[in-house]
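Just target.tsv here, TSV, C-alpha atoms:
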chain	number	residue	atom	x	y	z
A	189	MET	CA	71.87	-155.06	54.65
A	190	THR	CA	71.22	-152.53	57.37
A	191	LYS	CA	73.90	-150.15	58.59
A	192	ASN	CA	73.91	-152.03	61.88
A	193	LEU	CA	74.80	-155.31	60.14
A	194	ASP	CA	77.34	-153.50	57.97
A	195	SER	CA	79.17	-152.37	61.08
A	196	CYS	CA	79.02	-155.86	62.60
A	197	PHE	CA	80.87	-157.43	59.66
A	198	LYS	CA	83.11	-154.58	58.47
A	199	GLY	CA	86.72	-155.69	58.74
A	200	LYS	CA	85.77	-159.16	59.97
A	201	SER	CA	87.29	-162.30	58.44
A	202	VAL	CA	84.66	-164.73	57.19
A	203	LEU	CA	84.72	-168.12	55.47
A	204	VAL	CA	81.80	-169.23	53.31
A	205	THR	CA	81.84	-172.92	52.43
A	206	GLY	CA	79.92	-173.63	49.24
A	207	GLY	CA	80.34	-169.95	48.48
A	208	MET	CA	80.10	-170.24	44.69
A	209	GLY	CA	76.66	-171.80	44.90
A	210	PHE	CA	73.22	-170.24	45.10
A	211	ILE	CA	72.83	-169.05	48.69
A	212	GLY	CA	76.57	-169.00	49.39
A	213	SER	CA	77.34	-166.57	46.58
A	214	ASN	CA	74.53	-164.20	47.57
A	215	LEU	CA	75.88	-164.31	51.12
A	216	ALA	CA	79.48	-163.71	49.98
A	217	ILE	CA	78.43	-160.67	47.93
A	218	ARG	CA	76.52	-159.15	50.86
A	219	LEU	CA	79.46	-159.70	53.20
A	220	ALA	CA	81.99	-158.24	50.76
A	221	ARG	CA	79.83	-155.16	50.27
A	222	ALA	CA	79.64	-154.78	54.06
A	223	GLY	CA	83.43	-154.58	54.15
A	224	ALA	CA	84.16	-158.09	55.41
A	225	LYS	CA	87.30	-159.98	54.39
A	226	VAL	CA	85.64	-162.89	52.59
A	227	THR	CA	87.13	-166.28	51.73
A	228	VAL	CA	85.01	-168.57	49.59
A	229	LEU	CA	85.56	-172.34	49.60
A	230	ASP	CA	83.97	-174.43	46.85
A	231	SER	CA	84.86	-177.67	45.10
A	232	MET	CA	82.82	-176.76	41.99
A	233	ILE	CA	81.43	-180.28	41.54
A	234	THR	CA	79.65	-180.44	38.19
A	235	ASP	CA	75.94	-179.56	38.28
A	236	TYR	CA	75.83	-178.69	42.00
A	237	GLY	CA	75.39	-175.01	41.14
A	238	GLY	CA	78.86	-173.59	41.73
A	239	ASN	CA	79.32	-170.81	39.18
A	240	GLU	CA	82.19	-168.32	38.96
A	241	PHE	CA	79.80	-165.75	37.50
A	242	ASN	CA	77.85	-165.85	40.77
A	243	VAL	CA	80.54	-163.87	42.58
A	244	SER	CA	81.60	-161.69	39.63
A	245	PRO	CA	80.25	-158.46	41.23
A	246	VAL	CA	82.84	-158.81	44.03
A	247	GLU	CA	85.50	-161.03	42.44
A	248	ASP	CA	88.21	-158.43	43.14
A	249	GLN	CA	87.13	-158.15	46.80
A	250	ILE	CA	87.11	-161.82	47.86
A	251	ARG	CA	89.51	-164.75	48.00
A	252	ILE	CA	88.40	-167.96	46.29
A	253	ASN	CA	89.82	-171.34	47.28
A	254	TYR	CA	88.86	-174.24	45.03
A	255	CYS	CA	88.89	-177.20	47.39
A	256	ASP	CA	86.63	-179.74	49.06
A	257	ILE	CA	85.44	-179.64	52.68
A	258	ARG	CA	86.62	-183.26	52.91
A	259	ASP	CA	90.22	-182.06	52.40
A	260	GLU	CA	91.40	-181.89	56.02
A	261	ASN	CA	94.64	-180.04	55.30
A	262	ALA	CA	92.89	-177.34	53.29
A	263	VAL	CA	90.09	-176.89	55.83
A	264	ASN	CA	92.57	-176.82	58.74
A	265	TYR	CA	94.32	-173.93	57.00
A	266	LEU	CA	91.24	-172.02	55.87
A	267	VAL	CA	89.44	-171.89	59.23
A	268	ARG	CA	92.38	-170.22	60.99
A	269	ASP	CA	91.80	-166.59	62.04
A	270	GLN	CA	88.21	-166.52	60.74
A	271	ASP	CA	85.73	-164.58	62.86
A	272	TYR	CA	82.76	-166.32	61.24
A	273	VAL	CA	82.34	-169.58	59.35
A	274	PHE	CA	79.16	-169.89	57.27
A	275	HIS	CA	78.85	-173.57	56.46
A	276	LEU	CA	76.72	-173.99	53.34
A	277	ALA	CA	78.66	-176.68	51.44
A	278	GLY	CA	76.88	-179.96	50.93
A	279	GLN	CA	75.33	-182.51	48.62
A	280	VAL	CA	71.93	-180.94	48.00
A	281	CYS	CA	69.96	-183.34	45.79
A	282	HIS	CA	67.50	-185.46	47.73
A	283	LEU	CA	66.61	-187.51	44.64
A	284	MET	CA	70.22	-188.65	44.18
A	285	SER	CA	70.31	-189.96	47.74
A	286	LEU	CA	67.64	-192.53	46.80
A	287	THR	CA	70.07	-194.33	44.51
A	288	ASN	CA	73.50	-193.27	45.83
A	289	PRO	CA	73.66	-192.35	49.53
A	290	PHE	CA	77.44	-192.12	49.75
A	291	PRO	CA	77.97	-188.49	48.60
A	292	ASP	CA	75.52	-187.38	51.33
A	293	ILE	CA	77.44	-189.34	53.94
A	294	ALA	CA	80.87	-188.26	52.69
A	295	ILE	CA	80.13	-184.57	52.08
A	296	ASN	CA	77.37	-183.64	54.49
A	297	ILE	CA	78.39	-185.77	57.47
A	298	THR	CA	82.14	-186.39	57.15
A	299	GLY	CA	82.73	-182.95	55.61
A	300	THR	CA	80.90	-181.22	58.45
A	301	ALA	CA	82.88	-183.22	61.04
A	302	ILE	CA	86.11	-182.13	59.33
A	303	VAL	CA	85.06	-178.45	59.44
A	304	MET	CA	84.09	-178.61	63.12
A	305	GLU	CA	87.19	-180.56	64.17
A	306	ALA	CA	89.37	-178.04	62.33
A	307	LEU	CA	87.65	-175.27	64.29
A	308	ARG	CA	88.12	-177.12	67.58
A	309	LYS	CA	91.84	-177.51	66.93
A	310	TYR	CA	92.70	-174.23	65.25
A	311	ASN	CA	89.98	-171.62	65.83
A	312	PRO	CA	87.48	-172.43	68.60
A	313	GLU	CA	86.59	-168.73	68.95
A	314	ALA	CA	84.92	-168.56	65.53
A	315	ILE	CA	81.12	-168.31	65.24
A	316	VAL	CA	79.50	-170.91	62.98
A	317	VAL	CA	76.21	-170.70	61.09
A	318	TYR	CA	74.97	-173.90	59.44
A	319	THR	CA	72.19	-174.10	56.87
A	320	GLY	CA	70.19	-177.29	56.89
A	321	THR	CA	66.80	-178.05	55.37
A	322	ARG	CA	63.15	-178.19	56.35
A	323	GLY	CA	63.29	-181.76	54.99
A	324	GLN	CA	64.83	-182.76	58.31
A	325	TYR	CA	61.29	-182.76	59.74
A	326	GLY	CA	59.83	-185.19	57.21
A	327	SER	CA	56.06	-185.27	57.15
A	328	ALA	CA	54.52	-182.59	59.36
A	329	VAL	CA	52.30	-183.64	62.26
A	330	SER	CA	50.88	-180.13	62.88
A	331	PHE	CA	50.98	-176.69	61.28
A	332	PRO	CA	52.80	-174.40	61.17
A	333	VAL	CA	55.89	-176.56	61.85
A	334	ASN	CA	57.99	-175.28	64.76
A	335	GLU	CA	61.48	-176.29	65.87
A	336	GLU	CA	60.12	-178.69	68.50
A	337	ALA	CA	58.38	-180.83	65.87
A	338	PRO	CA	59.54	-184.44	65.44
A	339	THR	CA	62.34	-185.04	62.96
A	340	ASN	CA	61.52	-188.05	60.78
A	341	PRO	CA	63.39	-187.47	57.49
A	342	LYS	CA	62.21	-189.38	54.45
A	343	GLY	CA	65.58	-189.73	52.70
A	344	ILE	CA	69.33	-190.05	53.19
A	345	TYR	CA	69.86	-186.44	52.08
A	346	GLU	CA	67.65	-185.13	54.87
A	347	ILE	CA	69.14	-187.59	57.39
A	348	SER	CA	72.63	-186.39	56.49
A	349	ASN	CA	71.60	-182.75	57.06
A	350	LEU	CA	70.07	-183.63	60.42
A	351	THR	CA	73.24	-185.54	61.36
A	352	ALA	CA	75.42	-182.58	60.36
A	353	GLU	CA	73.25	-180.32	62.50
A	354	LYS	CA	73.64	-182.65	65.50
A	355	ILE	CA	77.41	-182.82	65.00
A	356	ILE	CA	77.63	-179.02	65.12
A	357	LYS	CA	75.35	-178.91	68.18
A	358	VAL	CA	77.74	-181.28	70.00
A	359	TYR	CA	80.68	-179.00	69.20
A	360	ASN	CA	78.63	-176.05	70.45
A	361	ASP	CA	77.64	-177.76	73.71
A	362	VAL	CA	80.82	-179.73	74.46
A	363	HIS	CA	83.59	-177.65	72.89
A	364	GLN	CA	81.92	-174.22	73.21
A	365	ILE	CA	82.18	-173.43	69.49
A	366	ARG	CA	79.32	-170.96	69.20
A	367	SER	CA	76.97	-172.10	66.47
A	368	VAL	CA	73.57	-171.29	65.00
A	369	LEU	CA	71.59	-174.02	63.24
A	370	LEU	CA	69.14	-172.98	60.51
A	371	ARG	CA	66.58	-175.09	58.71
A	372	LEU	CA	65.82	-173.45	55.37
A	373	SER	CA	62.53	-173.86	53.55
A	374	ASN	CA	62.23	-173.56	49.75
A	375	ILE	CA	64.66	-170.75	49.01
A	376	TYR	CA	64.50	-169.15	45.55
A	377	GLY	CA	65.98	-166.21	43.68
A	378	PRO	CA	69.00	-165.13	41.60
A	379	ARG	CA	72.20	-167.18	41.23
A	380	SER	CA	70.63	-170.60	41.56
A	381	GLN	CA	71.62	-173.13	38.91
A	382	MET	CA	68.97	-173.36	36.17
A	383	LYS	CA	70.29	-176.32	34.14
A	384	HIS	CA	68.27	-179.10	35.76
A	385	SER	CA	65.29	-179.68	38.01
A	386	ARG	CA	66.74	-181.78	40.78
A	387	PHE	CA	66.71	-179.04	43.41
A	388	GLY	CA	64.98	-175.68	43.68
A	389	VAL	CA	61.43	-176.25	42.45
A	390	CYS	CA	60.48	-172.56	42.42
A	391	ASN	CA	63.49	-171.56	40.33
A	392	TRP	CA	62.92	-174.47	37.96
A	393	PHE	CA	59.32	-173.40	37.41
A	394	ILE	CA	60.59	-169.88	36.74
A	395	ARG	CA	62.96	-171.23	34.11
A	396	LEU	CA	60.18	-173.15	32.36
A	397	ALA	CA	57.95	-170.06	32.33
A	398	MET	CA	60.78	-167.90	30.99
A	399	ASP	CA	61.26	-170.44	28.19
A	400	ASN	CA	57.50	-170.31	27.54
A	401	ASP	CA	57.31	-174.02	28.32
A	402	MET	CA	54.75	-176.19	30.06
A	403	ILE	CA	55.03	-176.48	33.87
A	404	GLN	CA	53.86	-179.79	35.31
A	405	VAL	CA	51.86	-179.41	38.51
A	406	PHE	CA	51.97	-182.74	40.33
A	407	GLY	CA	48.83	-184.18	41.87
A	408	ASP	CA	46.02	-181.66	42.16
A	409	GLY	CA	48.34	-178.73	42.93
A	410	SER	CA	46.98	-178.28	46.46
A	411	ILE	CA	50.14	-179.25	48.37
A	412	LEU	CA	51.28	-176.30	50.49
A	413	ARG	CA	54.81	-174.95	50.85
A	414	ASP	CA	56.41	-171.77	52.16
A	415	PHE	CA	58.83	-169.94	49.86
A	416	CYS	CA	61.55	-167.56	50.99
A	417	TYR	CA	63.46	-165.13	48.76
A	418	VAL	CA	67.23	-165.48	48.90
A	419	ASP	CA	67.90	-161.90	50.07
A	420	ASP	CA	65.64	-162.49	53.07
A	421	THR	CA	67.47	-165.76	53.72
A	422	VAL	CA	70.85	-164.01	53.69
A	423	GLU	CA	69.47	-161.47	56.17
A	424	ALA	CA	68.42	-164.32	58.48
A	425	ILE	CA	71.88	-165.90	58.26
A	426	LEU	CA	73.67	-162.65	59.05
A	427	LYS	CA	71.37	-161.57	61.87
A	428	SER	CA	71.67	-165.01	63.45
A	429	ALA	CA	75.46	-164.82	63.34
A	430	VAL	CA	75.59	-161.62	65.40
A	431	THR	CA	72.85	-162.45	67.91
A	432	GLN	CA	74.39	-163.92	71.06
A	433	GLU	CA	71.04	-165.32	72.20
A	434	ALA	CA	70.93	-167.38	69.00
A	435	TYR	CA	74.07	-169.41	69.73
A	436	GLY	CA	73.27	-173.06	70.26
A	437	GLU	CA	69.72	-172.62	68.91
A	438	ILE	CA	67.84	-174.13	65.98
A	439	PHE	CA	65.71	-171.82	63.84
A	440	ASN	CA	63.33	-172.23	60.92
A	441	VAL	CA	64.03	-169.85	58.03
A	442	GLY	CA	61.01	-169.69	55.77
A	443	SER	CA	57.67	-167.98	55.51
A	444	ASP	CA	54.57	-168.38	57.61
A	445	ILE	CA	52.45	-167.71	54.52
A	446	PRO	CA	51.63	-171.08	52.91
A	447	VAL	CA	51.27	-171.19	49.12
A	448	SER	CA	49.92	-174.11	47.09
A	449	PHE	CA	51.92	-175.34	44.11
A	450	LEU	CA	49.08	-174.26	41.84
A	451	GLU	CA	49.18	-170.74	43.33
A	452	LEU	CA	52.96	-170.71	42.91
A	453	VAL	CA	52.76	-171.66	39.23
A	454	GLU	CA	49.97	-169.19	38.50
A	455	THR	CA	51.97	-166.42	40.20
A	456	ILE	CA	55.10	-167.22	38.18
A	457	ILE	CA	53.22	-167.30	34.87
A	458	SER	CA	51.41	-164.06	35.72
A	459	VAL	CA	54.65	-162.23	36.61
A	460	ALA	CA	56.65	-163.71	33.72
A	461	LYS	CA	53.82	-163.19	31.22
A	462	ARG	CA	55.03	-166.43	29.66
A	463	GLY	CA	54.58	-170.14	30.15
A	464	SER	CA	51.65	-172.49	30.76
A	465	TRP	CA	50.81	-175.36	33.11
A	466	LYS	CA	49.06	-178.72	33.30
A	467	PHE	CA	48.40	-181.32	35.96
A	468	ALA	CA	50.67	-184.39	36.01
A	469	GLU	CA	51.05	-187.60	37.96
A	470	PHE	CA	53.86	-187.92	40.49
A	471	SER	CA	56.85	-189.95	39.34
A	472	PRO	CA	57.57	-192.94	41.63
A	473	GLU	CA	60.74	-191.22	42.92
A	474	ARG	CA	58.98	-188.00	43.82
A	475	LYS	CA	55.98	-189.77	45.32
A	476	ALA	CA	58.28	-191.79	47.60
A	477	GLN	CA	59.81	-188.64	49.06
A	478	GLU	CA	56.84	-186.25	48.97
A	479	PRO	CA	56.20	-185.24	52.61
A	480	GLY	CA	52.89	-183.47	51.92
A	481	ASP	CA	52.04	-179.99	53.18
A	482	PHE	CA	54.74	-177.98	54.91
A	483	TYR	CA	55.03	-174.42	56.10
A	484	SER	CA	57.23	-172.96	58.80
A	485	ASP	CA	56.57	-171.45	62.17
A	486	ILE	CA	59.11	-168.61	62.22
A	487	SER	CA	58.04	-167.08	65.54
A	488	LYS	CA	61.21	-168.28	67.31
A	489	ILE	CA	63.67	-166.57	64.95
A	490	GLU	CA	61.46	-163.48	64.89
A	491	ARG	CA	61.44	-163.34	68.69
A	492	ILE	CA	65.14	-164.06	69.34
A	493	VAL	CA	66.88	-162.75	66.21
A	494	GLY	CA	64.39	-160.12	65.07
A	495	TRP	CA	64.05	-161.53	61.56
A	496	ARG	CA	61.12	-162.16	59.31
A	497	PRO	CA	60.96	-162.11	55.51
A	498	THR	CA	59.87	-158.90	53.83
A	499	THR	CA	59.76	-159.90	50.14
A	500	THR	CA	56.40	-161.01	48.77
A	501	LEU	CA	56.26	-163.94	46.37
A	502	GLU	CA	55.32	-161.64	43.50
A	503	GLU	CA	58.25	-159.30	44.24
A	504	GLY	CA	60.70	-162.14	44.61
A	505	VAL	CA	59.63	-163.86	41.40
A	506	GLY	CA	59.86	-160.54	39.56
A	507	LYS	CA	63.41	-159.87	40.81
A	508	THR	CA	64.42	-163.42	39.91
A	509	ILE	CA	63.07	-163.16	36.36
A	510	GLU	CA	64.75	-159.76	35.91
A	511	PHE	CA	68.12	-161.25	36.94
A	512	TYR	CA	67.89	-164.26	34.63
A	513	ASP	CA	66.57	-162.23	31.71
A	514	LYS	CA	69.76	-160.19	31.99
A	515	HIS	CA	72.20	-163.06	32.66
A	516	ARG	CA	70.61	-166.16	31.15
A	517	ASP	CA	73.74	-167.05	29.13
A	518	HIS	CA	75.51	-167.84	32.40
A	519	TYR	CA	72.78	-170.20	33.68
A	520	TRP	CA	70.93	-171.82	30.76
A	521	GLN	CA	71.91	-174.87	28.72
A	522	ALA	CA	70.20	-175.75	25.48
A	523	ASN	CA	69.36	-179.38	26.17
A	524	ALA	CA	67.55	-178.56	29.42
A	525	LYS	CA	64.85	-176.62	27.56
A	526	GLY	CA	61.47	-178.22	27.92
A	527	ALA	CA	62.61	-181.01	30.25
A	528	PRO	CA	59.77	-181.82	32.66
A	529	ALA	CA	60.40	-181.24	36.33
A	530	SER	CA	60.12	-184.98	37.00
A	531	GLU	CA	62.63	-186.07	34.37
A	532	PRO	CA	65.90	-187.48	35.73
A	533	GLN	CA	68.74	-185.05	35.15
A	534	LYS	CA	72.43	-185.06	35.90
A	535	LEU	CA	73.45	-184.24	39.44
A	536	GLY	CA	75.55	-182.02	40.63
A	537	LEU	CA	78.80	-178.60	46.40
A	538	GLY	CA	77.18	-175.63	48.01
A	539	LYS	CA	73.63	-175.31	49.27
A	540	ASN	CA	72.22	-174.22	45.98
Kindly return the structure encoded in the file as structure tokens.
Amino acid sequence: MTKNLDSCFKGKSVLVTGGMGFIGSNLAIRLARAGAKVTVLDSMITDYGGNEFNVSPVEDQIRINYCDIRDENAVNYLVRDQDYVFHLAGQVCHLMSLTNPFPDIAINITGTAIVMEALRKYNPEAIVVYTGTRGQYGSAVSFPVNEEAPTNPKGIYEISNLTAEKIIKVYNDVHQIRSVLLRLSNIYGPRSQMKHSRFGVCNWFIRLAMDNDMIQVFGDGSILRDFCYVDDTVEAILKSAVTQEAYGEIFNVGSDIPVSFLELVETIISVAKRGSWKFAEFSPERKAQEPGDFYSDISKIERIVGWRPTTTLEEGVGKTIEFYDKHRDHYWQANAKGAPASEPQKLGLGKN
């Protein structure tokens, strides 16, 4: 974090929903180290990625509230007097939404409405940053994908994120609750759950390589994605929060450097010096939701917010492996070893 951002958040009260999860915990740590007064909200639903160890570096500097964003009384209380609300809590498994859409509707849609209504009633001066997903676009019609592209989500998970985004936009436009809407693309790095493969493909591949296991590359490996390191993502979130010109806007947060899945796997194995790979057929579930190539146009956020990622894929993978080599006992589970990335796993609040 730059000194300028440090000064923006020093002494400010901030609420991070889903703050024990992957991105939320990295954000909470950065804010605490900048001198912010941080409150973390997380319901710690099993397998969603909430992990008390995630915030251990600043556990004596933050306040943790174990509750659900669907708890109106708790949310009404927690949003009071906050200068910033970073809304990262949500159901984050798109595969689960194929068979059970109700957690997406209850958490992502109803939960977001509860947060925004609490702000309207008790703290309309707060600034809100919401993190959605690049899946809100669905299949791309042109590349790179900019914020004006059509939104045709391919699953209930992505629909629920798009609906949450539109709810927040209404509160921005109608109730003047200043908000920034981010669409994140393939975030990876330390503090992500590593027990199952149902979200976070880059981190799951890193786990398989670290276990010296076989990584399955679906199809011919040529599908393109953009990958963004979590520290860069946190920087985008923070810069957006303090940029007045960003309020009411939608921004892509990703990389404009497309990488094929085969390139990704080869990079991970090269950096890890472990692991192997083979081609595999798509499972029916993954094939049904595979949108094809995707990579972000980030020119809007670069122009308005002044952000672009600075971490190369090789650097980010190296930092991620270094973190998990040191702390694997807090993230591994024995029966996940060797499970293919297409194998159904248990599910698991927080954008992890």
Contacts of A:Ser464 at 12 Å (only C-alpha atoms; same-chain gap of 3+ positions) as a VMD selection string: chain A and resid 393 to 405 450 453 to 458 460 to 461 467 526
Residue contacts of A:Pro312 (9 Å, only C-alpha atoms) excluding same-chain residues fewer than 2 positions away, as a ChimeraX atom specification: /A:304,306-310,314-315,363-366
Using all atoms listed in the file: which of A:Pro289, A:Gly223, A:Gly504, A:Gly343 has the shortest distance to A:Leu452: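 The closest residue to A:Leu452 is A:Gly504.
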Atom-to-atom span, atom CA of A:Arg462 and atom CA of A:Asp235, Å: 26.2 Å
Residue nearest A:Phe331 among A:Asp248, A:Asp256, A:Asp230, A:Asp485 (counting only C-alpha atoms):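 Nearest candidate to A:Phe331 out of A:Asp248, A:Asp256, A:Asp230, A:Asp485: A:Asp485.
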Å distance separating atom CA of A:Asp271 from atom CA of A:Ile375, one decimal place: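 Taking atom CA of A:Asp271 and atom CA of A:Ile375, their separation equals 26.0 Å.
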